[in-house]
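This is query_13.pdb (PDB, C-alpha atoms).
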MODEL        1
ATOM      1  CA  MET A 155      -0.351-108.104  44.728
ATOM      2  CA  GLU A 156      -1.547-106.564  47.993
ATOM      3  CA  TRP A 157      -1.981-102.790  47.847
ATOM      4  CA  ILE A 158       0.130-101.118  50.519
ATOM      5  CA  PHE A 159      -1.219 -97.618  49.977
ATOM      6  CA  VAL A 160      -4.920 -98.145  50.640
ATOM      7  CA  SER A 161      -4.911 -95.648  53.520
ATOM      8  CA  MET A 162      -3.507 -92.838  51.368
ATOM      9  CA  LYS A 163      -5.824 -89.912  50.781
ATOM     10  CA  THR A 164      -3.869 -87.014  49.307
ATOM     11  CA  ILE A 165      -2.244 -86.188  45.995
ATOM     12  CA  THR A 166       1.043 -85.676  47.821
ATOM     13  CA  GLU A 167       0.939 -89.173  49.307
ATOM     14  CA  TYR A 168       0.094 -90.776  45.978
ATOM     15  CA  PHE A 169       2.747 -88.786  44.129
ATOM     16  CA  GLU A 170       5.418 -89.674  46.700
ATOM     17  CA  ARG A 171       4.580 -93.349  46.312
ATOM     18  CA  ILE A 172       4.638 -93.076  42.510
ATOM     19  CA  ILE A 173       8.122 -91.563  42.750
ATOM     20  CA  GLU A 174       9.260 -94.402  45.005
ATOM     21  CA  VAL A 175       8.186 -96.941  42.379
ATOM     22  CA  GLN A 176       9.714 -94.872  39.560
ATOM     23  CA  ASN A 177      13.025 -94.750  41.402
ATOM     24  CA  ARG A 178      12.907 -98.494  41.847
ATOM     25  CA  LEU A 179      12.321 -98.829  38.100
ATOM     26  CA  GLY A 180      15.217 -96.473  37.338
ATOM     27  CA  TYR A 181      12.807 -94.087  35.619
ATOM     28  CA  LEU A 182      13.841 -90.528  34.776
ATOM     29  CA  LEU A 183      10.909 -88.454  36.047
ATOM     30  CA  PRO A 184      11.977 -88.112  39.716
ATOM     31  CA  LYS A 185      15.245 -86.536  38.545
ATOM     32  CA  ILE A 186      13.536 -83.863  36.429
ATOM     33  CA  LEU A 187      10.817 -82.703  38.817
ATOM     34  CA  ARG A 188      10.939 -78.939  39.304
ATOM     35  CA  PRO A 189      10.891 -77.339  42.772
ATOM     36  CA  PRO A 190       7.433 -76.673  44.212
ATOM     37  CA  LEU A 191       5.694 -73.322  43.937
ATOM     38  CA  ASP A 192       5.025 -71.103  46.906
ATOM     39  CA  GLU A 193       1.642 -69.580  47.666
ATOM     40  CA  GLN A 194       2.542 -66.241  46.106
ATOM     41  CA  SER A 195       3.492 -67.841  42.778
ATOM     42  CA  ILE A 196       0.191 -69.697  42.683
ATOM     43  CA  LYS A 197      -1.708 -66.478  43.413
ATOM     44  CA  GLN A 198       0.147 -64.728  40.588
ATOM     45  CA  THR A 199      -0.861 -67.537  38.235
ATOM     46  CA  GLU A 200      -4.492 -67.213  39.314
ATOM     47  CA  THR A 201      -4.333 -63.495  38.566
ATOM     48  CA  THR A 202      -2.820 -64.155  35.136
ATOM     49  CA  LEU A 203      -5.513 -66.687  34.243
ATOM     50  CA  GLY A 204      -8.410 -64.857  35.850
ATOM     51  CA  PHE A 205      -9.689 -67.784  37.933
ATOM     52  CA  LYS A 206      -8.862 -69.595  41.171
ATOM     53  CA  PHE A 207      -7.061 -72.900  41.579
ATOM     54  CA  SER A 208      -8.846 -75.685  43.430
ATOM     55  CA  SER A 209      -7.315 -77.016  46.650
ATOM     56  CA  GLU A 210      -6.208 -80.131  44.725
ATOM     57  CA  LEU A 211      -4.392 -78.136  42.049
ATOM     58  CA  LYS A 212      -2.700 -76.018  44.713
ATOM     59  CA  GLU A 213      -1.559 -79.206  46.438
ATOM     60  CA  LEU A 214      -0.168 -80.601  43.175
ATOM     61  CA  TYR A 215       1.923 -77.525  42.386
ATOM     62  CA  SER A 216       2.961 -77.170  46.014
ATOM     63  CA  PHE A 217       4.514 -80.621  45.560
ATOM     64  CA  ALA A 218       6.335 -79.878  42.284
ATOM     65  CA  ASN A 219       6.129 -77.317  39.501
ATOM     66  CA  GLY A 220       5.963 -79.832  36.695
ATOM     67  CA  THR A 221       9.036 -81.294  35.026
ATOM     68  CA  ASP A 222      12.066 -80.175  33.001
ATOM     69  CA  TYR A 223      11.337 -82.495  30.100
ATOM     70  CA  LEU A 224      12.502 -80.660  26.986
ATOM     71  CA  ASN A 225      15.892 -82.338  26.572
ATOM     72  CA  TYR A 226      14.557 -85.895  26.867
ATOM     73  CA  PRO A 227      12.374 -88.199  24.757
ATOM     74  CA  SER A 228       8.716 -88.034  25.800
ATOM     75  CA  GLY A 229       8.647 -91.745  26.546
ATOM     76  CA  LYS A 230      11.030 -91.186  29.451
ATOM     77  CA  THR A 231       9.404 -88.131  31.042
ATOM     78  CA  GLY A 232       5.670 -88.850  31.364
ATOM     79  CA  LEU A 233       3.786 -89.271  34.606
ATOM     80  CA  ILE A 234       1.714 -91.698  32.583
ATOM     81  CA  PRO A 235       2.994 -92.940  29.209
ATOM     82  CA  ILE A 236       3.891 -89.985  26.973
ATOM     83  CA  HIS A 237       1.902 -87.485  29.085
ATOM     84  CA  THR A 238       4.226 -84.978  30.740
ATOM     85  CA  PHE A 239       3.420 -83.148  33.976
ATOM     86  CA  LEU A 240       3.415 -79.501  32.866
ATOM     87  CA  SER A 241       5.041 -76.664  34.769
ATOM     88  CA  ILE A 242       2.848 -73.657  35.511
ATOM     89  CA  GLU A 243       4.623 -71.735  32.766
ATOM     90  CA  ASP A 244       4.050 -74.457  30.153
ATOM     91  CA  ALA A 245       0.477 -74.941  31.291
ATOM     92  CA  ILE A 246      -0.317 -71.241  30.883
ATOM     93  CA  LEU A 247       1.202 -71.281  27.391
ATOM     94  CA  ASN A 248      -0.838 -74.326  26.389
ATOM     95  CA  TYR A 249      -3.980 -72.894  27.978
ATOM     96  CA  THR A 250      -3.597 -69.596  26.160
ATOM     97  CA  ILE A 251      -3.189 -71.333  22.800
ATOM     98  CA  SER A 252      -5.802 -74.069  23.233
ATOM     99  CA  ILE A 253      -8.550 -71.959  24.742
ATOM    100  CA  GLN A 254      -8.631 -69.844  21.575
ATOM    101  CA  VAL A 255      -9.083 -72.784  19.217
ATOM    102  CA  GLU A 256     -12.654 -72.925  17.926
ATOM    103  CA  ASP A 257     -14.576 -75.846  19.446
ATOM    104  CA  PHE A 258     -11.419 -77.423  20.924
ATOM    105  CA  PHE A 259     -13.410 -78.602  23.957
ATOM    106  CA  LEU A 260     -16.710 -79.349  22.233
ATOM    107  CA  ASN A 261     -18.004 -82.911  22.386
ATOM    108  CA  TYR A 262     -19.970 -83.229  19.159
ATOM    109  CA  ASP A 263     -21.712 -86.425  20.293
ATOM    110  CA  THR A 264     -23.392 -84.649  23.204
ATOM    111  CA  ASN A 265     -23.064 -81.028  22.073
ATOM    112  CA  PHE A 266     -21.385 -80.323  25.415
ATOM    113  CA  LYS A 267     -18.648 -77.769  25.900
ATOM    114  CA  PRO A 268     -17.332 -76.794  29.354
ATOM    115  CA  ASN A 269     -16.841 -73.185  30.353
ATOM    116  CA  LYS A 270     -13.401 -71.653  29.835
ATOM    117  CA  CYS A 271     -11.963 -72.032  33.341
ATOM    118  CA  LEU A 272      -9.908 -75.137  32.562
ATOM    119  CA  PHE A 273      -6.268 -75.757  33.454
ATOM    120  CA  PRO A 274      -4.015 -78.261  31.604
ATOM    121  CA  PHE A 275      -1.599 -80.242  33.776
ATOM    122  CA  LEU A 276      -0.713 -83.255  31.606
ATOM    123  CA  SER A 277       0.185 -83.122  27.910
ATOM    124  CA  ASP A 278       1.476 -85.580  25.336
ATOM    125  CA  GLY A 279       3.102 -82.746  23.361
ATOM    126  CA  ALA A 280       1.020 -83.538  20.291
ATOM    127  CA  GLY A 281      -2.368 -82.101  21.245
ATOM    128  CA  ASP A 282      -3.728 -84.443  23.919
ATOM    129  CA  PHE A 283      -4.341 -82.864  27.331
ATOM    130  CA  TYR A 284      -5.761 -83.610  30.742
ATOM    131  CA  TRP A 285      -7.461 -80.500  32.204
ATOM    132  CA  ILE A 286      -8.934 -79.783  35.619
ATOM    133  CA  ASP A 287     -12.297 -78.043  35.495
ATOM    134  CA  LEU A 288     -12.142 -74.898  37.645
ATOM    135  CA  ASN A 289     -15.569 -73.509  36.776
ATOM    136  CA  LEU A 290     -16.932 -72.702  40.225
ATOM    137  CA  ASN A 291     -20.505 -73.562  41.144
ATOM    138  CA  THR A 292     -20.920 -76.047  38.297
ATOM    139  CA  GLU A 293     -21.620 -79.779  38.514
ATOM    140  CA  ASN A 294     -18.292 -80.585  36.863
ATOM    141  CA  TYR A 295     -16.088 -78.476  39.140
ATOM    142  CA  ALA A 296     -12.786 -80.253  39.967
ATOM    143  CA  LYS A 297     -13.412 -83.083  37.484
ATOM    144  CA  ILE A 298     -10.747 -84.018  34.927
ATOM    145  CA  TYR A 299     -11.520 -83.288  31.278
ATOM    146  CA  TRP A 300      -9.586 -84.953  28.457
ATOM    147  CA  THR A 301      -9.055 -83.567  24.962
ATOM    148  CA  SER A 302      -7.444 -85.227  21.977
ATOM    149  CA  SER A 303      -6.121 -84.096  18.615
ATOM    150  CA  SER A 304      -6.800 -87.510  17.065
ATOM    151  CA  GLY A 305     -10.510 -86.985  16.486
ATOM    152  CA  GLU A 306     -11.775 -88.684  19.641
ATOM    153  CA  GLU A 307     -14.502 -86.758  21.445
ATOM    154  CA  PRO A 308     -13.348 -84.854  24.563
ATOM    155  CA  CYS A 309     -14.984 -85.909  27.814
ATOM    156  CA  TYR A 310     -14.713 -86.021  31.593
ATOM    157  CA  VAL A 311     -12.588 -89.017  32.579
ATOM    158  CA  TYR A 312     -12.059 -88.719  36.362
ATOM    159  CA  LYS A 313     -14.119 -87.207  39.146
ATOM    160  CA  SER A 314     -11.124 -85.442  40.706
ATOM    161  CA  LEU A 315      -7.371 -84.927  40.555
ATOM    162  CA  THR A 316      -6.979 -87.091  43.653
ATOM    163  CA  THR A 317      -8.878 -89.904  41.932
ATOM    164  CA  LEU A 318      -6.537 -89.730  38.939
ATOM    165  CA  PHE A 319      -3.435 -89.903  41.142
ATOM    166  CA  LYS A 320      -4.911 -92.799  43.110
ATOM    167  CA  ILE A 321      -5.474 -94.741  39.885
ATOM    168  CA  VAL A 322      -2.007 -93.913  38.536
ATOM    169  CA  CYS A 323      -0.477 -95.003  41.847
ATOM    170  CA  GLU A 324      -2.367 -98.305  41.725
ATOM    171  CA  CYS A 325      -1.170 -98.867  38.168
ATOM    172  CA  TYR A 326       2.472 -98.334  39.127
ATOM    173  CA  GLU A 327       2.113-100.598  42.161
ATOM    174  CA  SER A 328       0.466-103.396  40.208
ATOM    175  CA  GLY A 329       2.775-103.233  37.185
ATOM    176  CA  ILE A 330       0.066-101.972  34.839
ATOM    177  CA  ILE A 331       2.377 -99.013  34.234
ATOM    178  CA  TYR A 332       5.977-100.172  33.805
ATOM    179  CA  THR A 333       9.250 -99.411  32.039
ATOM    180  CA  ASP A 334      10.541-101.451  29.126
ATOM    181  CA  SER A 335      14.106-102.671  28.633
ATOM    182  CA  GLU A 336      15.192 -99.256  27.299
ATOM    183  CA  GLY A 337      13.705 -97.258  30.155
ATOM    184  CA  TYR A 338      10.618 -96.031  28.297
ATOM    185  CA  LEU A 339       7.329 -95.885  30.179
ATOM    186  CA  ASP A 340       4.680 -98.287  28.927
ATOM    187  CA  CYS A 341       1.270 -99.441  30.050
ATOM    188  CA  ASN A 342      -1.316-102.191  29.791
ATOM    189  CA  TYR A 343      -3.891 -99.782  28.399
ATOM    190  CA  GLU A 344      -6.864-102.124  28.668
ATOM    191  CA  ALA A 345      -6.157-102.715  32.355
ATOM    192  CA  PHE A 346      -5.668 -98.964  32.869
ATOM    193  CA  LYS A 347      -9.075 -98.302  31.292
ATOM    194  CA  GLU A 348     -10.727-100.952  33.420
ATOM    195  CA  ILE A 349      -9.341 -99.543  36.662
ATOM    196  CA  SER A 350     -10.349 -96.048  35.584
ATOM    197  CA  LYS A 351     -13.947 -97.177  34.993
ATOM    198  CA  THR A 352     -14.325 -98.403  38.554
ATOM    199  CA  LYS A 353     -13.301 -95.154  40.267
TER     200      LYS A 353
ENDMDL
END
If you took the structure in this file and wrote it as C-alpha coordinates, what would it be?
Amino acid sequence: MEWIFVSMKTITEYFERIIEVQNRLGYLLPKILRPPLDEQSIKQTETTLGFKFSSELKELYSFANGTDYLNYPSGKTGLIPIHTFLSIEDAILNYTISIQVEDFFLNYDTNFKPNKCLFPFLSDGAGDFYWIDLNLNTENYAKIYWTSSSGEEPCYVYKSLTTLFKIVCECYESGIIYTDSEGYLDCNYEAFKEISKTK
(Lines of atoms letter the chains of each structure in order from A and count residues from 1; the text may use other names and numbers.)
(Lines give C-alpha, C1' and ligand atoms only; values in the text may rest on other atoms or scores of the structure.)
Protein backbone atom coordinates (compact mmCIF):
# COMPACT_ATOMS: atom_id res chain seq x y z
CA MET A 1 0.00 0.00 0.00
CA GLU A 2 1.31 3.46 -0.86
CA TRP A 3 1.51 5.82 2.11
CA ILE A 4 -0.52 8.96 1.44
CA PHE A 5 0.58 10.83 4.55
CA VAL A 6 4.35 10.94 4.05
CA SER A 7 4.38 14.75 4.05
CA MET A 8 2.67 14.98 7.44
CA LYS A 9 4.77 16.44 10.23
CA THR A 10 2.55 17.24 13.20
CA ILE A 11 0.67 15.30 15.84
CA THR A 12 -2.52 17.05 14.75
CA GLU A 13 -2.11 15.88 11.16
CA TYR A 14 -1.39 12.30 12.20
CA PHE A 15 -4.27 12.24 14.67
CA GLU A 16 -6.71 13.63 12.09
CA ARG A 17 -5.68 10.92 9.65
CA ILE A 18 -6.01 8.22 12.33
CA ILE A 19 -9.55 9.43 13.00
CA GLU A 20 -10.37 9.29 9.30
CA VAL A 21 -9.32 5.63 9.19
CA GLN A 22 -11.15 4.87 12.45
CA ASN A 23 -14.33 6.38 11.05
CA ARG A 24 -13.97 4.26 7.95
CA LEU A 25 -13.61 1.20 10.20
CA GLY A 26 -16.68 2.20 12.21
CA TYR A 27 -14.53 2.44 15.34
CA LEU A 28 -15.83 4.15 18.48
CA LEU A 29 -12.95 6.43 19.47
CA PRO A 30 -13.79 9.44 17.24
CA LYS A 31 -17.22 9.62 18.91
CA ILE A 32 -15.81 9.76 22.45
CA LEU A 33 -13.02 12.29 22.01
CA ARG A 34 -13.33 15.13 24.51
CA PRO A 35 -13.15 18.80 23.46
CA PRO A 36 -9.65 20.28 23.33
CA LEU A 37 -8.14 22.26 26.18
CA ASP A 38 -7.41 25.94 25.97
CA GLU A 39 -4.08 27.48 26.92
CA GLN A 40 -5.28 28.50 30.38
CA SER A 41 -6.35 24.95 31.26
CA ILE A 42 -2.95 23.63 30.21
CA LYS A 43 -1.21 26.27 32.33
CA GLN A 44 -3.34 25.30 35.32
CA THR A 45 -2.32 21.67 34.83
CA GLU A 46 1.34 22.66 34.69
CA THR A 47 0.92 24.53 37.96
CA THR A 48 -0.78 21.52 39.57
CA LEU A 49 2.00 19.16 38.48
CA GLY A 50 4.88 21.54 39.06
CA PHE A 51 6.46 21.19 35.61
CA LYS A 52 5.96 22.46 32.07
CA PHE A 53 4.39 20.62 29.15
CA SER A 54 6.45 20.17 26.01
CA SER A 55 5.22 21.75 22.77
CA GLU A 56 4.17 18.26 21.58
CA LEU A 57 2.07 17.57 24.67
CA LYS A 58 0.43 20.99 24.38
CA GLU A 59 -0.40 20.21 20.75
CA LEU A 60 -1.92 16.85 21.71
CA TYR A 61 -4.23 18.29 24.36
CA SER A 62 -5.05 21.27 22.17
CA PHE A 63 -6.42 18.69 19.73
CA ALA A 64 -8.50 16.72 22.26
CA ASN A 65 -8.62 16.29 26.03
CA GLY A 66 -8.49 12.52 25.98
CA THR A 67 -11.58 10.34 25.69
CA ASP A 68 -14.79 9.57 27.59
CA TYR A 69 -14.12 5.85 27.80
CA LEU A 70 -15.59 4.71 31.11
CA ASN A 71 -18.89 3.34 29.82
CA TYR A 72 -17.33 1.21 27.06
CA PRO A 73 -15.16 -1.91 26.90
CA SER A 74 -11.46 -1.05 26.66
CA GLY A 75 -11.12 -2.92 23.39
CA LYS A 76 -13.34 -0.34 21.71
CA THR A 77 -11.80 2.85 23.11
CA GLY A 78 -8.01 2.58 22.69
CA LEU A 79 -5.90 4.74 20.42
CA ILE A 80 -3.82 1.60 20.09
CA PRO A 81 -5.25 -1.75 21.25
CA ILE A 82 -6.46 -1.50 24.85
CA HIS A 83 -4.49 1.72 25.53
CA THR A 84 -6.85 4.63 26.14
CA PHE A 85 -5.94 8.27 25.47
CA LEU A 86 -6.22 9.82 28.95
CA SER A 87 -7.89 13.13 29.70
CA ILE A 88 -5.83 15.64 31.67
CA GLU A 89 -7.90 14.84 34.75
CA ASP A 90 -7.33 11.08 34.46
CA ALA A 91 -3.67 11.59 33.66
CA ILE A 92 -3.13 13.70 36.79
CA LEU A 93 -4.86 11.05 38.90
CA ASN A 94 -2.72 8.27 37.44
CA TYR A 95 0.43 10.38 37.76
CA THR A 96 -0.27 11.17 41.39
CA ILE A 97 -0.79 7.50 42.24
CA SER A 98 2.01 6.01 40.12
CA ILE A 99 4.72 8.50 40.97
CA GLN A 100 4.47 7.49 44.64
CA VAL A 101 4.94 3.78 44.00
CA GLU A 102 8.42 2.68 45.05
CA ASP A 103 10.60 1.89 42.02
CA PHE A 104 7.65 2.01 39.60
CA PHE A 105 9.90 3.50 36.91
CA LEU A 106 13.12 1.68 37.76
CA ASN A 107 14.63 -0.55 35.09
CA TYR A 108 16.40 -3.22 37.12
CA ASP A 109 18.40 -4.48 34.13
CA THR A 110 20.15 -1.13 33.72
CA ASN A 111 19.54 0.39 37.15
CA PHE A 112 18.04 3.39 35.36
CA LYS A 113 15.20 5.46 36.73
CA PRO A 114 14.05 8.72 35.09
CA ASN A 115 13.41 11.85 37.12
CA LYS A 116 9.86 12.50 38.30
CA CYS A 117 8.68 14.91 35.61
CA LEU A 118 6.77 12.31 33.60
CA PHE A 119 3.24 12.62 32.23
CA PRO A 120 1.02 9.60 31.35
CA PHE A 121 -1.13 9.97 28.23
CA LEU A 122 -1.97 6.37 27.30
CA SER A 123 -3.11 3.67 29.73
CA ASP A 124 -4.42 0.13 29.45
CA GLY A 125 -6.34 0.51 32.73
CA ALA A 126 -4.42 -2.35 34.31
CA GLY A 127 -1.07 -0.72 35.07
CA ASP A 128 0.60 -0.25 31.68
CA PHE A 129 1.34 3.35 30.70
CA TYR A 130 3.02 5.43 28.04
CA TRP A 131 4.63 8.55 29.58
CA ILE A 132 6.27 11.59 28.02
CA ASP A 133 9.51 12.60 29.71
CA LEU A 134 9.31 16.28 30.66
CA ASN A 135 12.59 16.50 32.57
CA LEU A 136 14.12 19.62 31.05
CA ASN A 137 17.79 19.72 30.12
CA THR A 138 18.17 15.93 30.14
CA GLU A 139 19.10 13.64 27.25
CA ASN A 140 15.72 11.90 27.42
CA TYR A 141 13.55 15.03 27.33
CA ALA A 142 10.42 14.52 25.17
CA LYS A 143 11.05 10.79 24.71
CA ILE A 144 8.29 8.27 25.44
CA TYR A 145 8.77 5.98 28.44
CA TRP A 146 6.76 2.78 28.85
CA THR A 147 5.92 1.06 32.13
CA SER A 148 4.22 -2.27 32.68
CA SER A 149 2.62 -4.06 35.61
CA SER A 150 3.40 -7.47 34.11
CA GLY A 151 7.02 -7.60 35.21
CA GLU A 152 8.59 -6.35 31.98
CA GLU A 153 11.31 -3.75 32.50
CA PRO A 154 10.25 -0.13 31.80
CA CYS A 155 12.15 1.61 29.03
CA TYR A 156 12.14 4.40 26.45
CA VAL A 157 10.26 3.20 23.37
CA TYR A 158 9.97 6.26 21.08
CA LYS A 159 12.11 9.33 20.58
CA SER A 160 9.12 11.70 20.63
CA LEU A 161 5.34 11.96 20.79
CA THR A 162 5.28 12.89 17.11
CA THR A 163 7.23 9.72 16.28
CA LEU A 164 4.69 7.60 18.15
CA PHE A 165 1.76 9.18 16.32
CA LYS A 166 3.53 8.76 12.98
CA ILE A 167 3.99 5.04 13.67
CA VAL A 168 0.40 4.60 14.87
CA CYS A 169 -0.84 6.41 11.76
CA GLU A 170 1.23 4.13 9.51
CA CYS A 171 -0.16 1.09 11.30
CA TYR A 172 -3.76 2.20 10.76
CA GLU A 173 -3.07 3.00 7.11
CA SER A 174 -1.39 -0.32 6.42
CA GLY A 175 -3.89 -2.47 8.31
CA ILE A 176 -1.42 -3.45 11.03
CA ILE A 177 -3.94 -1.94 13.45
CA TYR A 178 -7.49 -2.99 12.54
CA THR A 179 -10.91 -3.79 13.98
CA ASP A 180 -12.26 -7.31 14.23
CA SER A 181 -15.77 -8.45 13.32
CA GLU A 182 -17.15 -7.21 16.67
CA GLY A 183 -15.60 -3.76 16.44
CA TYR A 184 -12.72 -4.39 18.84
CA LEU A 185 -9.32 -2.90 18.02
CA ASP A 186 -6.63 -5.45 17.25
CA CYS A 187 -3.09 -5.39 15.95
CA ASN A 188 -0.36 -7.42 14.28
CA TYR A 189 1.97 -6.92 17.22
CA GLU A 190 5.08 -8.28 15.54
CA ALA A 191 4.66 -5.88 12.63
CA PHE A 192 3.98 -3.03 15.08
CA LYS A 193 7.23 -3.82 16.91
CA GLU A 194 9.17 -3.96 13.67
CA ILE A 195 7.92 -0.58 12.49
CA SER A 196 8.65 0.89 15.92
CA LYS A 197 12.26 -0.34 15.77
CA THR A 198 12.94 1.55 12.56
CA LYS A 199 11.84 4.98 13.80
10 Å contact set for Asp222 of chain A, all atoms listed in the file, chain neighbours under 2 positions out, as a ChimeraX atom specification: /A:183,185-188,219-220,224-226,231,238-241
Option closest in space to Ile196 of chain A, from A:Ala218, A:Leu182, A:Ile242, A:Ile165 [counting all atoms listed in the file]: A:Ile242
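The space separating atom CA of Val322 of chain A from atom CA of Gly305 of chain A comes to 24.6 Å.
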Kindly resolve the PyMOL selection byres ((chain A and resi 279-289) around 7) on the present coordinates and return the residues as a short mmCIF file (atom, residue, chain, number, x, y, z; two decimals) with C-alpha atoms, keeping the file's coordinate frame.
data_model
loop_
_atom_site.label_atom_id
_atom_site.label_comp_id
_atom_site.auth_asym_id
_atom_site.auth_seq_id
_atom_site.Cartn_x
_atom_site.Cartn_y
_atom_site.Cartn_z
CA PHE A 207 -7.06 -72.90 41.58
CA SER A 208 -8.85 -75.68 43.43
CA ASN A 269 -16.84 -73.18 30.35
CA CYS A 271 -11.96 -72.03 33.34
CA LEU A 272 -9.91 -75.14 32.56
CA PHE A 273 -6.27 -75.76 33.45
CA PRO A 274 -4.01 -78.26 31.60
CA PHE A 275 -1.60 -80.24 33.78
CA LEU A 276 -0.71 -83.26 31.61
CA SER A 277 0.18 -83.12 27.91
CA ASP A 278 1.48 -85.58 25.34
CA LEU A 290 -16.93 -72.70 40.22
CA ASN A 291 -20.50 -73.56 41.14
CA THR A 292 -20.92 -76.05 38.30
CA ASN A 294 -18.29 -80.58 36.86
CA TYR A 295 -16.09 -78.48 39.14
CA ALA A 296 -12.79 -80.25 39.97
CA LYS A 297 -13.41 -83.08 37.48
CA ILE A 298 -10.75 -84.02 34.93
CA TYR A 299 -11.52 -83.29 31.28
CA TRP A 300 -9.59 -84.95 28.46
CA THR A 301 -9.06 -83.57 24.96
CA SER A 302 -7.44 -85.23 21.98
CA SER A 303 -6.12 -84.10 18.61
#
Pairwise distance for atom CA of Lys320 of chain A and atom CA of Ile349 of chain A, rounded to one decimal in Å: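 Distance reported for this atom pair: 10.3 Å.
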Could you make a table, as a Markdown table, of the residues of segment 194-290 of chain A that have an atom within 7 Å of an atom of segment 334-342 of chain A, each with its nearest atom pair and distance in Å to one decimal, counting only C-alpha atoms, in chain and number order?
| residue | atom | partner | partner_atom | distance |
| --- | --- | --- | --- | --- |
| A:Gly229 | CA | A:Tyr338 | CA | 5.0 |
| A:Lys230 | CA | A:Tyr338 | CA | 5.0 |
| A:Pro235 | CA | A:Leu339 | CA | 5.3 |
Place a sphere of radius 10 Å on (-0.4, -99.6, 33.2) in the file coordinates and name every protein, DNA or RNA residue with an atom inside or on its surface, counting all atoms listed in the file; give the answer as a list in words.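 Those within range, by chain then number, are Ile234, Pro235, Ile321, Val322, Cys323, Glu324, Cys325, Tyr326, Glu327, Ser328, Gly329, Ile330, Ile331, Tyr332, Thr333, Leu339, Asp340, Cys341, Asn342, Tyr343, Glu344, Ala345, Phe346, Lys347 and Ile349 of chain A.
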Rank A:Leu233, A:Leu318, A:Leu203, A:Leu191 by their smallest atom-to-atom distance to Tyr215 of chain A, using all atoms listed in the file, and report the top residue only.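 Selected residue with least distance to Tyr215 of chain A: A:Leu191.
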So how far away is atom CA of Thr166 of chain A from atom CA of Glu210 of chain A, in Å?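 It comes out at 9.6 Å.
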Using only C-alpha atoms, which protein or nucleic acid residues come within 8 Å of segment 250-265 of chain A? Drop anything in the same chain fewer than 4 positions from it, and give the result as a list in words.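 Using only C-alpha atoms, the neighbours found are Ile246, Lys270, Thr301, Glu307, Pro308 and Cys309 of chain A.
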Emit the selected residues as a PDB file, in the frame of the given file, including C-alpha atoms.
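Below is the file that was written, out-v3.pdb:
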ATOM      1  CA  ILE A 246      -0.317 -71.241  30.883  1.00  0.00           C
ATOM      2  CA  LYS A 270     -13.401 -71.653  29.835  1.00  0.00           C
ATOM      3  CA  THR A 301      -9.055 -83.567  24.962  1.00  0.00           C
ATOM      4  CA  GLU A 307     -14.502 -86.758  21.445  1.00  0.00           C
ATOM      5  CA  PRO A 308     -13.348 -84.854  24.563  1.00  0.00           C
ATOM      6  CA  CYS A 309     -14.984 -85.909  27.814  1.00  0.00           C
TER       7      CYS A 309
END
